[in-house]
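To keep things clear, I will list the structure first and then write my remarks on it.
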Amino acid sequence: MEYRRLGRTDLQVSPISFGAIKLPGISEDEAAACLNRALDLGINFIDTARNYRDSERKIGLGVGERRDEFYLATKTGARDYDGAMGDLETSLEQLQMDYIDIWQLHTVSNEEDWQRVMAPDGALKAARQARDEGVVGRVSITIHRAHDVMRKAIASGEFETIMLCYNPLDGEDVAGILPLAKEADMGTIIMKALSGGQLAYPKEERQAGLGGKDALVAGCLRWVLSDPNVDIVIPGMQTVEEVEENVALMDPVRPLSDGERAELLTRIAEFGGSFRYDQKCLRCGYCQPCPQDVPIPEILKAAQMVASYPGNLQHMGYDLYESLEVNAEACVVCGACLEKCPAGLEIPQLLEEAHETLSARP
């Protein structure tokens, strides 16, 4: 198996690593079987969090005796010093371990939380102290949606890795953030590569392809790892079969070809429905160029942000729409886009609805 340098942590880590978010849904014995199989096959990074219910305890019980074979990351959702130190103590107790390789400030996804963790008595103070005391190896952060906070975290120099949501749908629009993190030599860890489990066939309807037994899963993981700004991805696993299928994609990791990218988008479109954050547009760009220069994917992205993002982040959608040189009013309903859209979306109607929403900024 190839291993990748995780930014300036200098840790050499398996490209597909073990996301432990799903361990609460299986028994202790099943968790132990998954974790041990992962280590046996060369996975050497496990990611969990204090609020993943009994995930930390199951990791400790399942592979605690193999501690020297893997790097461990966990998270605290606390915003102040005392809360974070309390979480750290609990995590160590549950894990039955005395050291955490990467301790992450969890879901710092709005300006208020950013200010709280960075305050003199904030969670970052606890993380620095734990690192100085040798209990934690590296300090890191995870963020959803809030681009301004992402940029501040990268520029601060305080965090050695950043965890972001990224997949072919790019529902959190981080494609422009990842290069900034890479330039700062931060390790880039990707969560939600399968859009929270939505980009996977139901077990009874699985279709092989794109190098795996589930073409959607294989395609999405390879899509993420094809990005040169991504170090590793941490899909949630809860069966030995999932572990083995994921590991097979790393022997070696093969970037998607242009043809495979097109196939993946077609499969996602055929899979259909709406995805995380009620996203419907695949942002594949097949509808472009528009004869009227209407930037259809950007407009639908802006509308989706306003419709589904938390209130304090909805401004991102309005800001995006107002920054466009051509807006949805330029659509003349020529129908050219309808012939190109692999998802079969009624684009002119969606553009009309988007303009109605986005032109009525509160």
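Residues in the structure tokens are numbered from 1 in each chain, the chains being A, B, ... in the order shown, and ligands are numbered from 1 in the order shown.
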Self-check item: Close residues, Ile299 (chain A) itself excluded, 8 Å, only C-alpha atoms, min 5 positions apart in chain, as a PyMOL selection string
Solution: chain A and resi 321+327-328+351+354
Practice problem: Run DSSP on the backbone and give me the residues of region 131-355 of chain A it puts in helix (DSSP H, G or I), as number ranges by chain. | Solution: A: 131-132, 147-156, 178-183, 203-205, 215-225, 240-248, 258-271, 276-278, 296-308, 311-313, 315-323, 328-330, 336-340, 347-355
Name all residues at most 6 Å from region 177-189 of chain A (count only C-alpha atoms; drop same-chain ones fewer than 2 positions away) and give them as a PDB file with C-alpha atoms, in the first residue's frame.
```pdb
ATOM      1  CA  LEU A   6      -0.270  14.291   5.995  1.00  0.00           C
ATOM      2  CA  GLY A   7       0.924  17.849   5.541  1.00  0.00           C
ATOM      3  CA  ARG A   8       3.393  19.215   8.043  1.00  0.00           C
ATOM      4  CA  ILE A 154      -5.493  28.218   7.525  1.00  0.00           C
ATOM      5  CA  GLU A 160      -1.601  21.182  11.394  1.00  0.00           C
ATOM      6  CA  THR A 161      -4.525  19.558   9.614  1.00  0.00           C
ATOM      7  CA  ILE A 162      -7.970  20.628   8.485  1.00  0.00           C
ATOM      8  CA  MET A 163     -10.937  18.329   7.942  1.00  0.00           C
ATOM      9  CA  VAL A 174     -14.524  23.643  -0.722  1.00  0.00           C
ATOM     10  CA  ALA A 175     -12.725  23.075  -4.020  1.00  0.00           C
ATOM     11  CA  ASN A 229      -4.848  18.938  -2.757  1.00  0.00           C
ATOM     12  CA  VAL A 230      -6.293  16.000  -0.795  1.00  0.00           C
ATOM     13  CA  ASP A 231      -4.139  13.866   1.463  1.00  0.00           C
ATOM     14  CA  ILE A 232      -6.557  11.311   2.908  1.00  0.00           C
ATOM     15  CA  VAL A 233     -10.234  10.419   3.099  1.00  0.00           C
TER      16      VAL A 233
END
```
Residues of region 125-171 of chain A at most 9 Å from region 113-118 of chain A: nearest atom pair and distance in Å, only C-alpha atoms, as a tab-separated table:
```
residue	atom	partner	partner_atom	distance
A:Lys125	CA	A:Met118	CA	7.7
A:Val149	CA	A:Trp114	CA	6.9
A:Lys152	CA	A:Trp114	CA	8.9
A:Ala153	CA	A:Trp114	CA	8.7
```
Practice problem: Have a look at CA of Pro291 (chain A) and CA of Val332 (chain A) and let me know their distance in Å, one decimal. | Solution: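 CA of Val332 (chain A) lies at a distance of 9.3 Å from CA of Pro291 (chain A).
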Practice problem: Mind checking which residues fall within 10 Å of Glu270 (chain A), counting only C-alpha atoms, ignoring those fewer than 6 positions away in the same chain, and posting them as a VMD selection string? | Solution: chain A and resid 264 342 to 344
Just to be explicit: take each residue in the selection above, keep N, CA and C atoms, and write the result as a short mmCIF file (atom, residue, chain, number, x, y, z; two decimals), in the first residue's frame.
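Produced file selection-v3.cif, reproduced below:
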```cif
data_model
loop_
_atom_site.label_atom_id
_atom_site.label_comp_id
_atom_site.auth_asym_id
_atom_site.auth_seq_id
_atom_site.Cartn_x
_atom_site.Cartn_y
_atom_site.Cartn_z
N LEU A 264 -18.94 8.40 -13.62
CA LEU A 264 -19.38 8.61 -12.24
C LEU A 264 -20.51 9.62 -12.18
N PRO A 342 -27.49 15.73 -17.31
CA PRO A 342 -27.60 14.28 -17.07
C PRO A 342 -28.61 13.93 -15.98
N ALA A 343 -28.94 14.90 -15.13
CA ALA A 343 -29.92 14.65 -14.07
C ALA A 343 -31.34 14.94 -14.50
N GLY A 344 -31.51 15.45 -15.72
CA GLY A 344 -32.85 15.72 -16.23
C GLY A 344 -33.58 16.83 -15.49
#
```
